[in-house]
$ cat coords.tsv   # TSV, C-alpha atoms
chain	number	residue	atom	x	y	z
G	1	THR	CA	-17.61	0.78	-7.43
G	2	HIS	CA	-14.35	1.77	-5.76
G	3	VAL	CA	-13.60	0.77	-2.14
G	4	PHE	CA	-10.45	2.04	-0.49
G	5	TYR	CA	-8.75	1.74	2.88
G	6	HIS	CA	-5.81	3.15	4.76
G	7	THR	CA	-3.44	0.96	6.78
G	8	LEU	CA	-5.48	-1.38	8.99
G	9	ILE	CA	-5.49	-1.20	12.78
G	10	VAL	CA	-4.21	-4.35	14.49
G	11	GLU	CA	-4.75	-3.30	18.12
G	12	PRO	CA	-7.54	-0.70	18.49
G	13	ALA	CA	-6.65	0.05	22.13
G	14	LYS	CA	-3.30	1.44	21.00
G	15	SER	CA	-4.82	3.54	18.20
G	16	PHE	CA	-7.70	4.91	20.25
G	17	ASP	CA	-5.76	5.73	23.41
G	18	GLY	CA	-6.90	9.34	23.70
G	19	ASP	CA	-3.78	11.03	22.31
G	20	SER	CA	-3.71	13.70	19.59
G	21	LYS	CA	-3.82	11.10	16.78
G	22	ALA	CA	-6.79	9.08	18.03
G	23	ASP	CA	-9.53	11.22	16.45
G	24	GLY	CA	-7.82	11.12	13.07
G	25	TYR	CA	-7.40	7.37	13.25
G	26	ASN	CA	-11.08	7.03	14.16
G	27	GLN	CA	-12.09	9.09	11.14
G	28	VAL	CA	-10.05	7.48	8.39
G	29	MET	CA	-8.73	4.10	9.56
G	30	THR	CA	-10.34	0.64	9.72
G	31	THR	CA	-9.69	-2.21	12.13
G	32	ILE	CA	-8.82	-5.69	10.91
G	33	ASP	CA	-12.06	-7.01	12.37
G	34	GLU	CA	-14.11	-4.39	10.49
G	35	PHE	CA	-12.18	-5.05	7.28
G	36	ASN	CA	-12.76	-8.80	7.44
G	37	LYS	CA	-16.49	-8.33	8.02
G	38	ILE	CA	-16.74	-5.88	5.11
G	39	THR	CA	-14.83	-8.24	2.80
G	40	GLN	CA	-17.05	-11.18	3.72
G	41	THR	CA	-20.21	-9.13	3.25
G	42	MET	CA	-19.08	-7.88	-0.17
G	43	TYR	CA	-18.28	-11.43	-1.22
G	44	GLU	CA	-21.70	-12.64	-0.13
G	45	ARG	CA	-23.33	-9.80	-2.10
G	46	GLY	CA	-21.54	-10.83	-5.30
G	47	PHE	CA	-18.75	-8.26	-5.56
G	48	VAL	CA	-15.65	-9.29	-7.51
G	49	MET	CA	-12.30	-7.47	-7.65
G	50	VAL	CA	-11.26	-6.28	-11.09
G	51	SER	CA	-8.28	-4.39	-12.47
G	52	LEU	CA	-8.53	-0.91	-13.97
G	53	LYS	CA	-6.83	-2.45	-16.99
G	54	ASP	CA	-9.90	-4.62	-17.51
G	55	MET	CA	-12.19	-1.60	-17.25
G	56	ALA	CA	-10.44	0.48	-19.90
G	57	THR	CA	-7.67	0.02	-22.43
G	58	VAL	CA	-5.64	2.29	-24.71
G	59	VAL	CA	-6.14	1.65	-28.42
G	60	THR	CA	-5.00	3.38	-31.61
G	61	ASP	CA	-7.76	4.91	-33.77
G	62	GLU	CA	-7.81	5.31	-37.55
G	63	ASN	CA	-5.88	8.58	-37.27
G	64	GLY	CA	-3.08	7.06	-35.26
G	65	ASN	CA	-4.19	8.67	-32.00
G	66	HIS	CA	-4.15	6.84	-28.70
G	67	VAL	CA	-7.63	6.81	-27.19
G	68	MET	CA	-9.30	5.15	-24.22
G	69	GLN	CA	-11.74	2.34	-24.93
G	70	ARG	CA	-14.15	0.68	-22.53
G	71	GLY	CA	-12.97	-2.79	-21.60
G	72	GLU	CA	-15.06	-5.94	-21.46
G	73	ILE	CA	-15.63	-7.60	-18.10
G	74	LEU	CA	-17.51	-10.88	-18.24
G	75	LEU	CA	-19.01	-11.97	-14.92
G	76	PRO	CA	-21.77	-14.45	-14.12
G	77	PRO	CA	-25.26	-13.15	-13.29
G	78	GLY	CA	-25.47	-11.76	-9.78
G	79	LYS	CA	-21.83	-10.67	-9.73
G	80	GLN	CA	-20.68	-7.04	-9.84
G	81	PRO	CA	-17.16	-5.68	-10.36
G	82	PHE	CA	-15.38	-3.35	-7.98
G	83	VAL	CA	-11.92	-1.82	-7.68
G	84	LEU	CA	-10.08	-2.18	-4.36
G	85	SER	CA	-7.29	0.16	-3.30
G	86	GLN	CA	-5.27	1.18	-0.28
G	87	ASP	CA	-3.56	4.51	0.34
G	88	ASP	CA	-0.07	5.01	1.75
G	89	VAL	CA	1.06	1.52	2.92
G	90	SER	CA	4.29	3.15	4.01
G	91	TYR	CA	4.01	2.44	7.75
G	92	TYR	CA	5.16	5.91	8.70
G	93	HIS	CA	7.30	6.71	11.71
G	94	TYR	CA	4.42	8.51	13.41
G	95	MET	CA	2.39	5.26	13.50
G	96	GLU	CA	4.97	3.39	15.59
G	97	GLY	CA	3.46	2.08	18.81
G	98	ASP	CA	-0.09	2.91	17.70
G	99	GLY	CA	-1.23	-0.62	16.87
G	100	TYR	CA	-0.19	-0.96	13.21
G	101	ALA	CA	2.06	-3.40	11.38
G	102	ARG	CA	5.56	-2.12	10.66
G	103	LYS	CA	6.25	-3.55	7.19
G	104	LEU	CA	5.37	-6.10	4.50
G	105	ILE	CA	7.68	-9.05	3.96
G	106	VAL	CA	7.96	-12.19	1.84
G	107	ASP	CA	8.01	-15.23	4.13
G	108	GLU	CA	9.82	-18.53	3.62
G	109	ASN	CA	6.88	-19.86	1.58
G	110	GLY	CA	6.89	-16.91	-0.79
G	111	ASP	CA	3.71	-15.43	0.74
G	112	ILE	CA	3.27	-11.74	1.53
G	113	LYS	CA	2.98	-11.20	5.28
G	114	ASN	CA	3.39	-8.39	7.81
G	115	GLU	CA	5.72	-7.91	10.71
G	116	TYR	CA	4.12	-6.62	13.89
G	117	VAL	CA	6.05	-5.56	16.99
G	118	GLN	CA	4.59	-6.87	20.24
G	119	ASP	CA	4.70	-5.02	23.57
G	120	ASP	CA	7.75	-6.99	24.69
G	121	GLY	CA	9.65	-6.08	21.51
G	122	THR	CA	9.31	-9.47	19.84
G	123	VAL	CA	8.29	-9.48	16.18
G	124	SER	CA	5.25	-11.46	15.06
G	125	VAL	CA	4.73	-12.43	11.42
G	126	GLY	CA	1.17	-12.68	10.16
G	127	ASP	CA	-1.73	-11.21	8.19
G	128	TYR	CA	-1.90	-7.75	9.75
G	129	ASP	CA	-2.95	-5.53	6.83
G	130	MET	CA	-5.00	-5.50	3.65
G	131	VAL	CA	-2.55	-7.15	1.25
G	132	PRO	CA	-2.04	-10.47	3.10
G	133	LEU	CA	-5.65	-10.54	4.31
G	134	ILE	CA	-6.93	-10.27	0.73
G	135	ASP	CA	-4.37	-12.82	-0.44
G	136	ARG	CA	-5.65	-15.32	2.14
G	137	PHE	CA	-9.29	-14.54	1.31
G	138	VAL	CA	-8.75	-15.13	-2.41
G	139	GLU	CA	-6.99	-18.42	-1.65
G	140	GLN	CA	-10.23	-19.53	0.01
G	141	HIS	CA	-12.56	-17.75	-2.44
G	142	PRO	CA	-10.86	-17.53	-5.87
G	143	ASP	CA	-14.08	-16.26	-7.45
G	144	PHE	CA	-13.61	-13.01	-5.49
G	145	SER	CA	-10.90	-12.10	-8.01
G	146	TYR	CA	-11.47	-11.57	-11.75
G	147	ARG	CA	-8.55	-12.86	-13.84
G	148	GLY	CA	-6.29	-12.82	-10.79
G	149	ALA	CA	-6.85	-9.14	-9.99
G	150	LYS	CA	-6.15	-7.92	-6.48
G	151	GLY	CA	-6.06	-4.27	-5.39
G	152	ILE	CA	-4.15	-1.08	-6.14
G	153	VAL	CA	-1.64	0.13	-3.56
G	154	ALA	CA	-1.24	3.92	-3.82
G	155	LEU	CA	2.15	4.80	-2.36
G	156	THR	CA	3.72	7.98	-1.07
G	157	GLY	CA	7.49	8.07	-0.64
G	158	TYR	CA	8.60	10.68	1.88
G	159	ASN	CA	9.41	7.99	4.45
G	160	GLY	CA	9.62	5.13	2.02
G	161	VAL	CA	7.43	2.31	0.73
G	162	LEU	CA	5.92	-0.87	2.15
G	163	GLY	CA	7.58	-0.28	5.53
G	164	TYR	CA	11.09	0.19	4.13
G	165	PHE	CA	12.81	3.55	4.52
G	166	THR	CA	13.80	4.07	0.90
G	167	ASP	CA	13.61	7.83	0.44
G	168	ASN	CA	16.94	9.35	-0.54
G	169	VAL	CA	17.28	11.38	2.69
G	170	TYR	CA	18.01	8.15	4.58
G	171	LYS	CA	21.00	7.69	2.29
G	172	THR	CA	22.29	11.27	2.19
G	173	ARG	CA	21.42	12.02	5.85
G	174	GLU	CA	20.44	15.52	4.71
G	175	ASP	CA	17.15	17.40	5.35
G	176	LEU	CA	15.99	14.77	7.85
G	177	ASP	CA	12.94	15.45	9.98
G	178	GLU	CA	12.75	14.72	13.70
G	179	ASN	CA	11.31	11.22	13.29
G	180	GLN	CA	13.90	10.25	10.70
G	181	ILE	CA	16.76	11.47	12.89
G	182	LYS	CA	15.38	9.52	15.84
G	183	TYR	CA	15.02	6.35	13.78
G	184	LEU	CA	18.55	6.51	12.38
G	185	ASN	CA	20.02	7.23	15.81
G	186	GLU	CA	18.20	4.19	17.21
G	187	ASN	CA	19.31	2.00	14.28
G	188	PRO	CA	23.05	2.67	13.76
G	189	ASP	CA	23.36	-0.41	11.51
G	190	PHE	CA	20.74	0.90	9.05
G	191	ASP	CA	21.64	-0.17	5.49
G	192	TYR	CA	19.93	1.93	2.82
G	193	ASP	CA	20.79	-0.38	-0.07
G	194	GLU	CA	19.41	-3.38	1.83
G	195	GLU	CA	16.17	-1.47	2.53
G	196	VAL	CA	15.74	-0.83	-1.19
G	197	ALA	CA	16.56	-4.45	-2.05
G	198	GLN	CA	13.98	-5.80	0.41
G	199	ALA	CA	11.32	-3.35	-0.77
G	200	LYS	CA	11.90	-4.46	-4.37
G	201	LYS	CA	11.59	-8.10	-3.30
G	202	VAL	CA	8.20	-7.45	-1.72
G	203	ALA	CA	6.96	-5.33	-4.64
G	204	LYS	CA	7.99	-8.00	-7.16
G	205	ALA	CA	6.14	-10.70	-5.22
G	206	MET	CA	3.06	-8.48	-5.01
G	207	HIS	CA	3.16	-7.78	-8.76
G	208	GLU	CA	3.32	-11.47	-9.51
G	209	ASP	CA	0.31	-12.07	-7.30
G	210	GLY	CA	-1.99	-9.56	-8.99
G	211	TRP	CA	-1.33	-6.34	-7.04
G	212	GLU	CA	-0.80	-3.04	-8.83
G	213	PHE	CA	0.85	0.20	-7.71
G	214	ALA	CA	-0.06	3.85	-8.14
G	215	SER	CA	1.20	7.25	-6.97
G	216	HIS	CA	-0.44	8.90	-3.97
G	217	THR	CA	2.10	11.72	-4.52
G	218	TRP	CA	5.54	11.46	-2.91
G	219	GLY	CA	4.68	13.98	-0.20
G	220	HIS	CA	1.02	13.07	0.42
G	221	MET	CA	-0.09	16.33	-1.22
G	222	ASN	CA	-3.57	17.77	-1.60
G	223	VAL	CA	-3.45	18.11	-5.38
G	224	GLY	CA	-6.26	20.67	-5.46
G	225	GLU	CA	-4.38	23.05	-3.20
G	226	ARG	CA	-0.86	22.90	-4.66
G	227	SER	CA	0.69	24.71	-7.59
G	228	LEU	CA	1.65	22.99	-10.82
G	229	GLU	CA	5.30	23.61	-9.98
G	230	ASP	CA	4.96	21.91	-6.58
G	231	LEU	CA	3.28	18.91	-8.18
G	232	GLN	CA	5.96	18.64	-10.86
G	233	VAL	CA	8.71	18.57	-8.23
G	234	ASP	CA	6.76	16.03	-6.18
G	235	THR	CA	6.11	13.83	-9.23
G	236	GLN	CA	9.81	13.78	-10.06
G	237	LYS	CA	10.62	12.61	-6.53
G	238	TRP	CA	8.05	9.82	-6.84
G	239	LEU	CA	9.51	8.76	-10.19
G	240	ASP	CA	13.06	8.86	-8.79
G	241	TYR	CA	12.55	7.02	-5.49
G	242	VAL	CA	9.34	4.99	-5.73
G	243	LYS	CA	8.74	3.89	-9.31
G	244	PRO	CA	12.12	2.09	-9.67
G	245	ILE	CA	11.20	-0.03	-6.66
G	246	VAL	CA	7.64	-0.99	-7.57
G	247	GLU	CA	7.57	-1.18	-11.35
G	248	PRO	CA	7.63	-4.69	-12.87
G	249	VAL	CA	11.09	-6.02	-13.54
G	250	ASP	CA	10.22	-6.76	-17.17
G	251	THR	CA	9.37	-3.16	-18.15

$ encode --input "coords.tsv" --output "structure tokens"
Amino acid sequence: THVFYHTLIVEPAKSFDGDSKADGYNQVMTTIDEFNKITQTMYERGFVMVSLKDMATVVTDENGNHVMQRGEILLPPGKQPFVLSQDDVSYYHYMEGDGYARKLIVDENGDIKNEYVQDDGTVSVGDYDMVPLIDRFVEQHPDFSYRGAKGIVALTGYNGVLGYFTDNVYKTREDLDENQIKYLNENPDFDYDEEVAQAKKVAKAMHEDGWEFASHTWGHMNVGERSLEDLQVDTQKWLDYVKPIVEPVDT
């Protein structure tokens, strides 16, 4: 079983305010309250998070070929494995002011948290999206995680990753879209290298705590509708600007 989410809604009134984005949010997003109820229900029904690497492994056969082999997952009776994932987790410009967190951070205790901007402009730190909410749930219910597995975060890159604006256009200031221009004009002290450094810090902490990363294509592409050439260009961008940030430091 595979269960996936998009970025969670913190304040539904801001997401469902009747503007042009509200219907889309209603179709594909989940509120924190809904997410917590789903997680609790799955736990009570015996679901346990597992890693794809436990489900299947690459082995070498007698001919020297690399082949996939079914993995072995050993759970007690009444338990059933599932894979958890979340798409995007980039906290795009277009979501600003719509009731979503703005980024993931590592707090003073080494825990993954979110920043959320309140109406008065103050920044609140807390569990405002899937990653910290699952971390807290597993702290209370360690048997919800098999061998320390958490979820898979499938990242794009055209704004950046994990709430940090790490795409190369923020560095070159070329080929910027309207939202990117607005953001940079409003943040004259923007430091690209510091954005990358902070994103790496968060990704490293997530890796160490059982989270894995995957590509959701750099440009959020519909793979079935794009040419091979488009996908090759997109993949190279993801490898250039996302993979160096989220891959483990020991690889």

$ closest_atom_pairs --input "coords.tsv" --of "segment 16-69 of chain G" --to "segment 4-11 of chain G" --cutoff "12 Å" --atoms "all atoms listed in the file" --output "tab-separated table"
residue	atom	partner	partner_atom	distance
G:Phe16	CA	G:Glu11	CA	9.0
G:Asp17	CA	G:Glu11	CA	10.5
G:Ala22	CA	G:Ile9	CA	11.6
G:Gly24	CA	G:His6	CA	11.7
G:Tyr25	CA	G:Ile9	CA	8.8
G:Asn26	CA	G:Ile9	CA	10.0
G:Gln27	CA	G:His6	CA	10.7
G:Val28	CA	G:His6	CA	7.1
G:Met29	CA	G:His6	CA	5.7
G:Thr30	CA	G:Leu8	CA	5.3
G:Thr31	CA	G:Ile9	CA	4.4
G:Ile32	CA	G:Leu8	CA	5.8
G:Asp33	CA	G:Val10	CA	8.6
G:Glu34	CA	G:Leu8	CA	9.3
G:Phe35	CA	G:Leu8	CA	7.8
G:Asn36	CA	G:Leu8	CA	10.5
G:Ile38	CA	G:Tyr5	CA	11.3
G:Thr39	CA	G:Phe4	CA	11.6

$ residues_around --input "coords.tsv" --residues "segment 237-248 of chain G" --least-positions-apart "4" --cutoff "6 Å" --atoms "all atoms listed in the file" --output "list of chain:residue names"
G:Lys200, G:Ala203, G:Trp218

$ write_last_selection --input "coords.tsv" --atoms "C-alpha atoms" --output "PDB file, in the coordinates of the input"
ATOM      1  CA  LYS G 200      11.900  -4.460  -4.370  1.00  0.00           C
ATOM      2  CA  ALA G 203       6.960  -5.330  -4.640  1.00  0.00           C
ATOM      3  CA  TRP G 218       5.540  11.460  -2.910  1.00  0.00           C
TER       4      TRP G 218
END

$ closest_residue --input "coords.tsv" --among "G:His141, G:Asp54, G:Asp135, G:His93" --to "Glu178 of chain G" --atoms "all atoms listed in the file"
G:His93

$ atom_distance --input "coords.tsv" --atom1 "atom CA of Tyr116 of chain G" --atom2 "atom CA of Val89 of chain G"
14.0 Å

$ closest_residue --input "coords.tsv" --among "G:Met95, G:Ile73, G:Ile152, G:Leu184" --to "Met130 of chain G" --atoms "only C-alpha atoms"
G:Ile152

$ closest_residue --input "coords.tsv" --among "G:Gly97, G:Val106, G:Phe137, G:Gly157" --to "Gln198 of chain G" --atoms "all atoms listed in the file"
G:Val106

$ atom_distance --input "coords.tsv" --atom1 "atom CA of Ser215 of chain G" --atom2 "atom CA of Asp87 of chain G"
9.1 Å

$ residues_near_point --input "coords.tsv" --point "(0.7, 9.9, -0.5)" --cutoff "6 Å" --atoms "all atoms listed in the file" --output "PyMOL selection string"
chain G and resi 88+155-156+216-220

$ closest_residue --input "coords.tsv" --among "G:Gly46, G:Gly121, G:Gly110, G:Gly64" --to "Pro81 of chain G" --atoms "all atoms listed in the file"
G:Gly46

$ atom_distance --input "coords.tsv" --atom1 "atom CA of Ala56 of chain G" --atom2 "atom CA of Val153 of chain G"
18.6 Å

$ axis_aligned_box --input "coords.tsv" --around "segment 168-180 of chain G" --padding-each-side "8 Å" --output "JSON"
{"center_x": 16.8, "center_y": 12.5, "center_z": 6.6, "size_x": 27.0, "size_y": 25.7, "size_z": 30.2}

$ closest_residue --input "coords.tsv" --among "G:Arg226, G:His2, G:His66, G:Lys204" --to "Asp111 of chain G" --atoms "only C-alpha atoms"
G:Lys204

$ residues_around --input "coords.tsv" --residues "Val58 of chain G" --least-positions-apart "3" --cutoff "12 Å" --atoms "all atoms listed in the file" --output "list in words"
Leu52, Lys53, Asp54, Met55, Asp61, Gly64, Asn65, His66, Val67, Met68, Gln69, Arg70 and Gly71 of chain G

$ residues_around --input "coords.tsv" --residues "Gln180 of chain G" --least-positions-apart "4" --cutoff "9 Å" --atoms "all atoms listed in the file" --output "PyMOL selection string"
chain G and resi 93+159+169-170+176+184-185

$ closest_residue --input "coords.tsv" --among "G:Ala205, G:Tyr192, G:Glu229, G:Asp177" --to "Asn109 of chain G" --atoms "all atoms listed in the file"
G:Ala205

$ residues_around --input "coords.tsv" --residues "Phe144 of chain G" --least-positions-apart "2" --cutoff "8 Å" --atoms "all atoms listed in the file" --output "VMD selection string"
chain G and resid 43 47 to 49 138 141 to 142 146

$ build_atoms --input "coords.tsv" --residues "segment 131-162 of chain G" --atoms "N, CA and C atoms" --output "PDB file, in the frame of the given file"
ATOM      1  N   VAL G 131      -3.139  -6.305   2.298  1.00  0.00           N
ATOM      2  CA  VAL G 131      -2.550  -7.150   1.250  1.00  0.00           C
ATOM      3  C   VAL G 131      -2.564  -8.628   1.643  1.00  0.00           C
ATOM      4  N   PRO G 132      -1.985  -9.034   2.768  1.00  0.00           N
ATOM      5  CA  PRO G 132      -2.040 -10.470   3.100  1.00  0.00           C
ATOM      6  C   PRO G 132      -3.440 -10.967   3.430  1.00  0.00           C
ATOM      7  N   LEU G 133      -4.281 -10.105   4.001  1.00  0.00           N
ATOM      8  CA  LEU G 133      -5.650 -10.540   4.310  1.00  0.00           C
ATOM      9  C   LEU G 133      -6.425 -10.847   3.032  1.00  0.00           C
ATOM     10  N   ILE G 134      -6.268  -9.999   2.012  1.00  0.00           N
ATOM     11  CA  ILE G 134      -6.930 -10.270   0.730  1.00  0.00           C
ATOM     12  C   ILE G 134      -6.322 -11.492   0.057  1.00  0.00           C
ATOM     13  N   ASP G 135      -5.013 -11.635   0.141  1.00  0.00           N
ATOM     14  CA  ASP G 135      -4.370 -12.820  -0.440  1.00  0.00           C
ATOM     15  C   ASP G 135      -4.969 -14.099   0.158  1.00  0.00           C
ATOM     16  N   ARG G 136      -5.109 -14.135   1.487  1.00  0.00           N
ATOM     17  CA  ARG G 136      -5.650 -15.320   2.140  1.00  0.00           C
ATOM     18  C   ARG G 136      -7.117 -15.515   1.761  1.00  0.00           C
ATOM     19  N   PHE G 137      -7.875 -14.418   1.650  1.00  0.00           N
ATOM     20  CA  PHE G 137      -9.290 -14.540   1.310  1.00  0.00           C
ATOM     21  C   PHE G 137      -9.466 -15.101  -0.097  1.00  0.00           C
ATOM     22  N   VAL G 138      -8.640 -14.649  -1.024  1.00  0.00           N
ATOM     23  CA  VAL G 138      -8.750 -15.130  -2.410  1.00  0.00           C
ATOM     24  C   VAL G 138      -8.309 -16.585  -2.506  1.00  0.00           C
ATOM     25  N   GLU G 139      -7.359 -17.005  -1.674  1.00  0.00           N
ATOM     26  CA  GLU G 139      -6.990 -18.420  -1.650  1.00  0.00           C
ATOM     27  C   GLU G 139      -8.191 -19.285  -1.306  1.00  0.00           C
ATOM     28  N   GLN G 140      -9.039 -18.796  -0.407  1.00  0.00           N
ATOM     29  CA  GLN G 140     -10.230 -19.530   0.010  1.00  0.00           C
ATOM     30  C   GLN G 140     -11.418 -19.301  -0.920  1.00  0.00           C
ATOM     31  N   HIS G 141     -11.443 -18.121  -1.571  1.00  0.00           N
ATOM     32  CA  HIS G 141     -12.560 -17.750  -2.440  1.00  0.00           C
ATOM     33  C   HIS G 141     -12.006 -17.187  -3.760  1.00  0.00           C
ATOM     34  N   PRO G 142     -11.477 -18.034  -4.629  1.00  0.00           N
ATOM     35  CA  PRO G 142     -10.860 -17.530  -5.870  1.00  0.00           C
ATOM     36  C   PRO G 142     -11.814 -16.761  -6.762  1.00  0.00           C
ATOM     37  N   ASP G 143     -13.127 -16.974  -6.617  1.00  0.00           N
ATOM     38  CA  ASP G 143     -14.080 -16.260  -7.450  1.00  0.00           C
ATOM     39  C   ASP G 143     -14.293 -14.817  -6.979  1.00  0.00           C
ATOM     40  N   PHE G 144     -13.576 -14.401  -5.929  1.00  0.00           N
ATOM     41  CA  PHE G 144     -13.610 -13.010  -5.490  1.00  0.00           C
ATOM     42  C   PHE G 144     -12.666 -12.147  -6.320  1.00  0.00           C
ATOM     43  N   SER G 145     -11.872 -12.793  -7.184  1.00  0.00           N
ATOM     44  CA  SER G 145     -10.900 -12.100  -8.010  1.00  0.00           C
ATOM     45  C   SER G 145     -11.136 -12.429  -9.476  1.00  0.00           C
ATOM     46  N   TYR G 146     -11.245 -11.401 -10.311  1.00  0.00           N
ATOM     47  CA  TYR G 146     -11.470 -11.570 -11.750  1.00  0.00           C
ATOM     48  C   TYR G 146     -10.118 -11.584 -12.466  1.00  0.00           C
ATOM     49  N   ARG G 147      -9.810 -12.703 -13.104  1.00  0.00           N
ATOM     50  CA  ARG G 147      -8.550 -12.860 -13.840  1.00  0.00           C
ATOM     51  C   ARG G 147      -7.333 -12.592 -12.956  1.00  0.00           C
ATOM     52  N   GLY G 148      -7.428 -12.967 -11.699  1.00  0.00           N
ATOM     53  CA  GLY G 148      -6.290 -12.820 -10.790  1.00  0.00           C
ATOM     54  C   GLY G 148      -6.071 -11.433 -10.230  1.00  0.00           C
ATOM     55  N   ALA G 149      -7.016 -10.512 -10.471  1.00  0.00           N
ATOM     56  CA  ALA G 149      -6.850  -9.140  -9.990  1.00  0.00           C
ATOM     57  C   ALA G 149      -6.909  -9.085  -8.472  1.00  0.00           C
ATOM     58  N   LYS G 150      -6.089  -8.228  -7.905  1.00  0.00           N
ATOM     59  CA  LYS G 150      -6.150  -7.920  -6.480  1.00  0.00           C
ATOM     60  C   LYS G 150      -6.491  -6.423  -6.372  1.00  0.00           C
ATOM     61  N   GLY G 151      -5.773  -5.691  -5.556  1.00  0.00           N
ATOM     62  CA  GLY G 151      -6.060  -4.270  -5.390  1.00  0.00           C
ATOM     63  C   GLY G 151      -4.944  -3.390  -5.921  1.00  0.00           C
ATOM     64  N   ILE G 152      -5.143  -2.078  -5.769  1.00  0.00           N
ATOM     65  CA  ILE G 152      -4.150  -1.080  -6.140  1.00  0.00           C
ATOM     66  C   ILE G 152      -3.591  -0.478  -4.850  1.00  0.00           C
ATOM     67  N   VAL G 153      -2.282  -0.469  -4.723  1.00  0.00           N
ATOM     68  CA  VAL G 153      -1.640   0.130  -3.560  1.00  0.00           C
ATOM     69  C   VAL G 153      -1.063   1.479  -3.999  1.00  0.00           C
ATOM     70  N   ALA G 154      -1.621   2.562  -3.433  1.00  0.00           N
ATOM     71  CA  ALA G 154      -1.240   3.920  -3.820  1.00  0.00           C
ATOM     72  C   ALA G 154      -0.221   4.461  -2.830  1.00  0.00           C
ATOM     73  N   LEU G 155       1.027   4.517  -3.251  1.00  0.00           N
ATOM     74  CA  LEU G 155       2.150   4.800  -2.360  1.00  0.00           C
ATOM     75  C   LEU G 155       2.559   6.271  -2.350  1.00  0.00           C
ATOM     76  N   THR G 156       2.957   6.737  -1.169  1.00  0.00           N
ATOM     77  CA  THR G 156       3.720   7.980  -1.070  1.00  0.00           C
ATOM     78  C   THR G 156       5.192   7.583  -1.121  1.00  0.00           C
ATOM     79  N   GLY G 157       6.077   8.441  -0.626  1.00  0.00           N
ATOM     80  CA  GLY G 157       7.490   8.070  -0.640  1.00  0.00           C
ATOM     81  C   GLY G 157       8.340   8.828   0.344  1.00  0.00           C
ATOM     82  N   TYR G 158       7.767   9.793   1.060  1.00  0.00           N
ATOM     83  CA  TYR G 158       8.600  10.680   1.880  1.00  0.00           C
ATOM     84  C   TYR G 158       9.216   9.994   3.094  1.00  0.00           C
ATOM     85  N   ASN G 159       8.695   8.861   3.528  1.00  0.00           N
ATOM     86  CA  ASN G 159       9.410   7.990   4.450  1.00  0.00           C
ATOM     87  C   ASN G 159       9.984   6.807   3.689  1.00  0.00           C
ATOM     88  N   GLY G 160       9.213   6.288   2.787  1.00  0.00           N
ATOM     89  CA  GLY G 160       9.620   5.130   2.020  1.00  0.00           C
ATOM     90  C   GLY G 160       8.397   4.394   1.534  1.00  0.00           C
ATOM     91  N   VAL G 161       8.547   3.100   1.252  1.00  0.00           N
ATOM     92  CA  VAL G 161       7.430   2.310   0.730  1.00  0.00           C
ATOM     93  C   VAL G 161       7.387   0.960   1.415  1.00  0.00           C
ATOM     94  N   LEU G 162       6.173   0.492   1.678  1.00  0.00           N
ATOM     95  CA  LEU G 162       5.920  -0.870   2.150  1.00  0.00           C
ATOM     96  C   LEU G 162       6.584  -1.181   3.482  1.00  0.00           C
TER      97      LEU G 162
END
